[in-house]
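Asker: Quick one, coords-v1.txt (compact mmCIF, C-alpha atoms):
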```
# COMPACT_ATOMS: atom_id res chain seq x y z
CA MET F 1 -54.00 15.58 -135.05
CA THR F 2 -53.17 19.26 -135.57
CA PRO F 3 -50.97 20.59 -132.75
CA VAL F 4 -52.15 23.51 -130.62
CA VAL F 5 -49.06 25.44 -129.53
CA ILE F 6 -48.86 26.97 -126.04
CA ILE F 7 -45.91 29.35 -125.52
CA VAL F 8 -44.11 28.95 -122.20
CA LEU F 9 -41.61 31.09 -120.29
CA LEU F 10 -40.12 28.80 -117.67
CA LEU F 11 -38.53 30.93 -114.97
CA SER F 12 -36.68 29.57 -111.96
CA VAL F 13 -39.33 28.64 -109.44
CA THR F 14 -37.01 29.76 -106.65
CA ALA F 15 -36.08 33.20 -107.91
CA VAL F 16 -39.29 35.07 -108.73
CA SER F 17 -40.98 37.42 -106.30
CA PRO F 18 -44.27 36.15 -104.81
CA VAL F 19 -47.52 37.22 -106.47
CA PRO F 20 -50.24 38.37 -104.05
CA ILE F 21 -53.22 36.01 -103.74
CA SER F 22 -56.51 37.73 -104.47
CA GLU F 23 -59.70 36.69 -106.25
CA SER F 24 -60.10 38.69 -109.45
CA ASN F 25 -62.67 39.12 -112.19
CA ARG F 26 -60.40 36.99 -114.35
CA GLN F 27 -61.45 33.94 -112.32
CA LYS F 28 -58.19 33.03 -110.59
CA ARG F 29 -58.58 29.56 -109.10
CA GLU F 30 -56.90 28.94 -105.72
CA VAL F 31 -55.66 25.45 -104.91
CA THR F 32 -53.01 26.24 -102.31
CA SER F 33 -54.22 23.67 -99.75
CA THR F 34 -55.42 20.99 -102.14
CA PHE F 35 -52.21 18.98 -102.24
CA ALA F 36 -50.88 19.62 -98.74
CA LYS F 37 -49.45 16.11 -98.69
CA ILE F 38 -46.42 17.14 -100.74
CA VAL F 39 -45.39 20.33 -98.96
CA LYS F 40 -42.64 18.66 -96.93
CA ALA F 41 -41.46 16.55 -99.86
CA ASN F 42 -40.37 19.58 -101.87
CA GLU F 43 -38.57 21.57 -99.19
CA ASN F 44 -35.06 20.58 -100.25
CA VAL F 45 -35.60 20.09 -103.98
CA SER F 46 -33.04 21.84 -106.18
CA PRO F 47 -34.08 24.46 -108.80
CA LYS F 48 -32.76 22.20 -111.56
CA SER F 49 -34.87 19.24 -110.52
CA GLN F 50 -37.95 21.47 -110.10
CA ARG F 51 -37.51 22.78 -113.62
CA ARG F 52 -37.20 19.22 -114.88
CA THR F 53 -40.39 18.22 -113.06
CA ILE F 54 -42.33 21.04 -114.73
CA ILE F 55 -41.02 20.20 -118.19
CA GLU F 56 -41.76 16.49 -117.76
CA ALA F 57 -45.30 17.21 -116.53
CA LEU F 58 -46.02 19.41 -119.55
CA THR F 59 -44.48 16.89 -121.92
CA GLU F 60 -47.09 14.36 -120.77
CA PHE F 61 -49.68 16.32 -122.77
CA GLU F 62 -47.77 15.32 -125.90
CA ARG F 63 -46.52 11.83 -125.25
CA GLY F 64 -47.78 10.48 -121.93
CA ASN F 65 -49.97 7.46 -121.34
CA HIS F 66 -52.49 9.22 -123.56
CA MET F 67 -52.00 12.02 -126.05
CA THR F 68 -53.36 15.46 -126.83
CA CYS F 69 -52.59 18.01 -129.53
CA ILE F 70 -51.32 20.52 -126.95
CA ARG F 71 -47.63 21.41 -127.38
CA PHE F 72 -45.89 23.57 -124.78
CA VAL F 73 -42.94 25.28 -126.46
CA LYS F 74 -40.25 27.69 -125.28
CA LYS F 75 -41.03 31.39 -125.58
CA THR F 76 -39.13 33.46 -128.13
CA LYS F 77 -38.67 37.24 -128.10
CA GLU F 78 -41.36 37.56 -130.77
CA ASP F 79 -44.07 35.95 -128.63
CA VAL F 80 -46.51 38.35 -126.95
CA ASN F 81 -48.99 35.90 -125.40
CA TYR F 82 -47.46 33.21 -123.23
CA ILE F 83 -47.63 31.32 -119.93
CA SER F 84 -45.02 32.31 -117.36
CA PHE F 85 -44.25 29.85 -114.55
CA ILE F 86 -43.32 31.72 -111.37
CA SER F 87 -42.83 30.98 -107.68
CA GLY F 88 -45.66 33.00 -106.22
CA THR F 89 -47.62 32.47 -103.01
CA GLY F 90 -49.25 29.06 -103.33
CA CYS F 91 -50.32 27.07 -106.36
CA TRP F 92 -52.67 28.89 -108.72
CA SER F 93 -53.55 29.73 -112.29
CA TYR F 94 -56.06 31.90 -114.10
CA LEU F 95 -58.87 30.13 -115.89
CA GLY F 96 -58.38 30.09 -119.66
CA ARG F 97 -56.29 32.35 -121.86
CA GLN F 98 -55.83 35.88 -120.52
CA GLY F 99 -53.34 37.30 -123.02
CA ASN F 100 -49.85 38.74 -122.64
CA ALA F 101 -47.68 37.30 -119.84
CA GLN F 102 -50.04 34.90 -118.04
CA PRO F 103 -48.63 33.58 -114.73
CA ILE F 104 -48.94 30.12 -113.28
CA SER F 105 -47.67 30.11 -109.71
CA LEU F 106 -45.84 27.05 -108.43
CA GLN F 107 -44.52 27.92 -104.99
CA LYS F 108 -41.15 26.27 -104.34
CA ASN F 109 -42.22 24.38 -101.23
CA GLY F 110 -45.29 22.36 -102.08
CA CYS F 111 -46.35 23.02 -105.66
CA VAL F 112 -43.68 21.44 -107.85
CA SER F 113 -45.01 17.95 -108.57
CA LYS F 114 -46.50 16.41 -111.69
CA ASP F 115 -50.09 16.45 -110.43
CA ILE F 116 -50.05 20.12 -109.44
CA VAL F 117 -48.22 21.29 -112.59
CA GLN F 118 -50.80 19.49 -114.72
CA HIS F 119 -53.65 20.74 -112.52
CA GLU F 120 -52.62 24.37 -112.99
CA ALA F 121 -51.88 23.91 -116.69
CA LEU F 122 -55.41 22.53 -117.15
CA HIS F 123 -56.81 25.66 -115.47
CA ALA F 124 -54.86 27.77 -117.97
CA LEU F 125 -56.28 25.62 -120.78
CA GLY F 126 -59.80 26.44 -119.59
CA PHE F 127 -60.80 23.69 -117.17
CA HIS F 128 -62.58 24.09 -113.81
CA HIS F 129 -62.24 21.85 -110.78
CA GLU F 130 -64.13 18.59 -111.20
CA HIS F 131 -66.21 19.01 -108.05
CA VAL F 132 -67.76 22.30 -109.30
CA ARG F 133 -68.99 20.99 -112.67
CA SER F 134 -72.64 21.48 -113.50
CA ASP F 135 -73.74 17.92 -112.68
CA ARG F 136 -71.70 17.52 -109.50
CA ASP F 137 -74.74 17.33 -107.21
CA GLU F 138 -75.57 14.00 -108.80
CA HIS F 139 -72.22 12.63 -107.64
CA VAL F 140 -71.06 14.47 -104.49
CA ILE F 141 -72.40 16.34 -101.50
CA ILE F 142 -70.62 19.55 -100.49
CA ASN F 143 -70.63 20.18 -96.73
CA PHE F 144 -70.38 23.96 -96.72
CA GLU F 145 -70.63 24.03 -92.92
CA ASN F 146 -67.23 22.32 -92.75
CA ILE F 147 -65.41 24.67 -95.16
CA ILE F 148 -62.97 27.29 -93.88
CA SER F 149 -64.65 30.67 -93.94
CA GLY F 150 -63.70 32.59 -97.07
CA PHE F 151 -63.07 29.50 -99.21
CA GLU F 152 -66.67 28.62 -99.98
CA SER F 153 -66.32 29.96 -103.53
CA ASN F 154 -63.91 27.09 -104.29
CA PHE F 155 -66.90 24.75 -103.99
CA GLU F 156 -69.62 26.72 -105.77
CA ILE F 157 -71.18 24.95 -108.74
CA VAL F 158 -70.35 26.28 -112.23
CA GLN F 159 -72.39 25.85 -115.39
CA THR F 160 -69.63 24.01 -117.19
CA ASN F 161 -69.45 22.43 -120.61
CA ASN F 162 -68.68 18.85 -119.64
CA LEU F 163 -67.88 17.90 -123.24
CA GLY F 164 -69.93 14.72 -123.04
CA THR F 165 -67.60 13.14 -120.47
CA THR F 166 -68.60 11.47 -117.22
CA TYR F 167 -67.91 12.76 -113.72
CA ASP F 168 -64.40 11.66 -112.81
CA PHE F 169 -63.29 11.00 -109.23
CA LEU F 170 -59.84 10.15 -110.64
CA SER F 171 -59.37 13.53 -112.31
CA VAL F 172 -56.31 15.56 -111.33
CA MET F 173 -58.82 18.44 -111.06
CA HIS F 174 -60.77 16.86 -108.17
CA TYR F 175 -60.36 18.08 -104.58
CA GLY F 176 -59.92 15.59 -101.76
CA GLU F 177 -62.46 14.70 -99.10
CA PHE F 178 -61.02 17.04 -96.45
CA ASP F 179 -59.63 19.90 -98.54
CA PHE F 180 -60.28 23.31 -96.95
CA SER F 181 -61.88 21.70 -93.89
CA ARG F 182 -62.12 23.96 -90.85
CA ASN F 183 -62.90 21.21 -88.38
CA GLY F 184 -61.38 17.96 -89.64
CA ARG F 185 -64.69 16.83 -91.08
CA PRO F 186 -65.19 16.12 -94.81
CA THR F 187 -65.97 18.99 -97.16
CA ILE F 188 -66.83 16.61 -100.03
CA VAL F 189 -68.67 13.29 -99.73
CA ALA F 190 -69.31 10.92 -102.63
CA ARG F 191 -72.96 9.92 -103.01
CA ASP F 192 -71.85 6.45 -104.06
CA SER F 193 -70.65 4.75 -100.88
CA ALA F 194 -68.37 2.57 -103.00
CA VAL F 195 -66.27 5.64 -103.81
CA THR F 196 -63.96 6.04 -100.84
CA THR F 197 -60.90 7.72 -102.37
CA PHE F 198 -60.66 10.84 -104.52
CA GLY F 199 -58.51 13.93 -104.83
CA THR F 200 -55.34 11.85 -104.69
CA ALA F 201 -54.45 11.73 -108.40
CA THR F 202 -50.72 11.85 -109.11
CA GLU F 203 -51.25 12.68 -112.79
CA MET F 204 -53.96 13.41 -115.35
CA SER F 205 -56.62 10.74 -115.77
CA ALA F 206 -57.80 9.28 -119.08
CA ASN F 207 -60.84 11.56 -118.80
CA ASP F 208 -58.60 14.63 -118.34
CA TYR F 209 -56.80 13.81 -121.59
CA GLU F 210 -60.07 13.15 -123.39
CA ARG F 211 -61.53 16.50 -122.35
CA VAL F 212 -58.50 18.38 -123.62
CA ASN F 213 -58.84 16.60 -126.96
CA ARG F 214 -62.54 17.38 -127.21
CA LEU F 215 -62.18 21.04 -126.23
CA TYR F 216 -59.31 21.67 -128.63
CA ASP F 217 -60.64 19.48 -131.46
CA CYS F 218 -57.63 17.18 -131.36
```
Write out the structure in this file as structure tokens.
Answerer:
Amino acid sequence: MTPVVIIVLLLSVTAVSPVPISESNRQKREVTSTFAKIVKANENVSPKSQRRTIIEALTEFERGNHMTCIRFVKKTKEDVNYISFISGTGCWSYLGRQGNAQPISLQKNGCVSKDIVQHEALHALGFHHEHVRSDRDEHVIINFENIISGFESNFEIVQTNNLGTTYDFLSVMHYGEFDFSRNGRPTIVARDSAVTTFGTATEMSANDYERVNRLYDC
């Protein structure tokens, strides 16, 4: 397994100025409201423990329950292209490599947990949300009438390369049933009535690891 090195600049997630939220032609993916359940939990977390959470979440790519060839390493002064973790407005990342200093925003109150760190890192590695993949209509129904106005693009289908893997309700990239709901009604419904829980992953699934390995030829 040949390692793929990702350079990281890990700034204090409490000390960096917010980055404005705006959709760009670089395909920024917004997930601010996806993991609302943890907003309160992080309100009094210290900068040191937040930094540790980020490092531990990234280390899982290398030696978690599964393994990939991705290695997140500390930036040196010679590195030009790197990921920079900041405390912007909300939780977001650009899709795929952009070049130069590429931000991943982890807002202090609500975004610093293993699932969200891994979620945003997977965006930076080139992965879309699970519920927008090309075959999603075979697995879920999107209730656009229940989605908050202006957030419909978060649910639009994308012609993704699914890398020969199955649709995964356990993926850390899957939204929950009521995410971005404007009226308390579900925005995503599983076609299989036996599937009653999704969007609650606390870490990457086996499928998430497998897709990284397939995309990066691990």
Asker: With only C-alpha atoms as the basis for distance, which of F:Leu215, F:Val189, F:Ile86, F:Val8 is at the shortest distance from His139 (chain F)?
Answerer: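 Looking only at the distances to His139 (chain F), the closest residue turns out to be F:Val189.
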Asker: Can you work out the spacing between CA of Glu210 (chain F) and CA of Thr68 (chain F) in Å, to one decimal?
Answerer: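 Those two atoms sit 7.9 Å apart.
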Asker: So how far away is CA of Asn154 (chain F) from CA of His128 (chain F), in Å?
Answerer: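 So the answer is 10.1 Å.
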Asker: Using all atoms listed in the file for the distances, tell me which of F:Phe180, F:Ser193, F:Tyr175, F:Phe61 is nearest to Lys114 (chain F).
Answerer: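 Ranked by minimum distance to Lys114 (chain F), first place goes to F:Phe61.
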Asker: CA of Ser84 (chain F) to CA of Ser113 (chain F): how many Å, to one decimal?
Answerer: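 Between these atoms lies a distance of 16.8 Å.
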Asker: Nearest residue to Thr76 (chain F) out of F:Leu9, F:Val112, F:Thr59, F:Ser49, using only C-alpha atoms?
Answerer: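 Between F:Leu9, F:Val112, F:Thr59, F:Ser49, the residue approaching Thr76 (chain F) most closely is F:Leu9.
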Asker: Considering only C-alpha atoms, return as an NGL selection string whatever protein or nucleic-acid residues lie within 7 Å of Ser105 (chain F), sequence-local ones (same chain, fewer than 6 positions apart) excluded.
Answerer: :F and (85-88 or 90-93)
Asker: Please list as a PDB file with C-alpha atoms, keeping the file's coordinate frame every residue within 12 Å of Glu145 (chain F), counting all atoms listed in the file and excluding residues in the same chain fewer than 2 positions away.
Answerer:
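New file selection.pdb:
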```
ATOM      1  CA  ILE F 141     -72.400  16.340-101.500  1.00  0.00           C
ATOM      2  CA  ILE F 142     -70.620  19.550-100.490  1.00  0.00           C
ATOM      3  CA  ASN F 143     -70.630  20.180 -96.730  1.00  0.00           C
ATOM      4  CA  ILE F 147     -65.410  24.670 -95.160  1.00  0.00           C
ATOM      5  CA  ILE F 148     -62.970  27.290 -93.880  1.00  0.00           C
ATOM      6  CA  SER F 149     -64.650  30.670 -93.940  1.00  0.00           C
ATOM      7  CA  GLY F 150     -63.700  32.590 -97.070  1.00  0.00           C
ATOM      8  CA  PHE F 151     -63.070  29.500 -99.210  1.00  0.00           C
ATOM      9  CA  GLU F 152     -66.670  28.620 -99.980  1.00  0.00           C
ATOM     10  CA  PHE F 155     -66.900  24.750-103.990  1.00  0.00           C
ATOM     11  CA  PHE F 180     -60.280  23.310 -96.950  1.00  0.00           C
ATOM     12  CA  SER F 181     -61.880  21.700 -93.890  1.00  0.00           C
ATOM     13  CA  ARG F 182     -62.120  23.960 -90.850  1.00  0.00           C
ATOM     14  CA  ASN F 183     -62.900  21.210 -88.380  1.00  0.00           C
ATOM     15  CA  GLY F 184     -61.380  17.960 -89.640  1.00  0.00           C
ATOM     16  CA  ARG F 185     -64.690  16.830 -91.080  1.00  0.00           C
ATOM     17  CA  PRO F 186     -65.190  16.120 -94.810  1.00  0.00           C
ATOM     18  CA  THR F 187     -65.970  18.990 -97.160  1.00  0.00           C
ATOM     19  CA  ILE F 188     -66.830  16.610-100.030  1.00  0.00           C
TER      20      ILE F 188
END
```
Asker: Ranking F:Asn213, F:Asn109, F:Thr202, F:Thr53 by minimum distance to Leu125 (chain F) and counting all atoms listed in the file, which one comes first?
Answerer: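 So, comparing all the options, the nearest one is F:Asn213.
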Asker: Which protein, DNA or RNA residues are at most 12 Å from (-62.9, 8.8, -100.1) in the file's coordinates when you count only C-alpha atoms, listed as a list in words?
Answerer: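 The residues near that point, listed by chain and number, are Val140, Phe169, Leu170, His174, Tyr175, Gly176, Glu177, Phe178, Asp179, Pro186, Thr187, Ile188, Val189, Ala190, Arg191, Asp192, Ser193, Ala194, Val195, Thr196, Thr197, Phe198, Gly199 and Thr200 of chain F.
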Asker: Counting all atoms listed in the file, which of F:Asn146, F:Gln98, F:Gln159, F:Gln107 gets nearest to Val132 (chain F)?
Answerer: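 Among F:Asn146, F:Gln98, F:Gln159, F:Gln107, it is F:Gln159 that comes nearest to Val132 (chain F).
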Asker: So, with all atoms listed in the file as the atoms that count, which of F:Asp115, F:Leu58, F:Arg71, F:Phe127 lies closest to Arg97 (chain F)?
Answerer: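 Comparing F:Asp115, F:Leu58, F:Arg71, F:Phe127 against Arg97 (chain F), the winner is F:Phe127.
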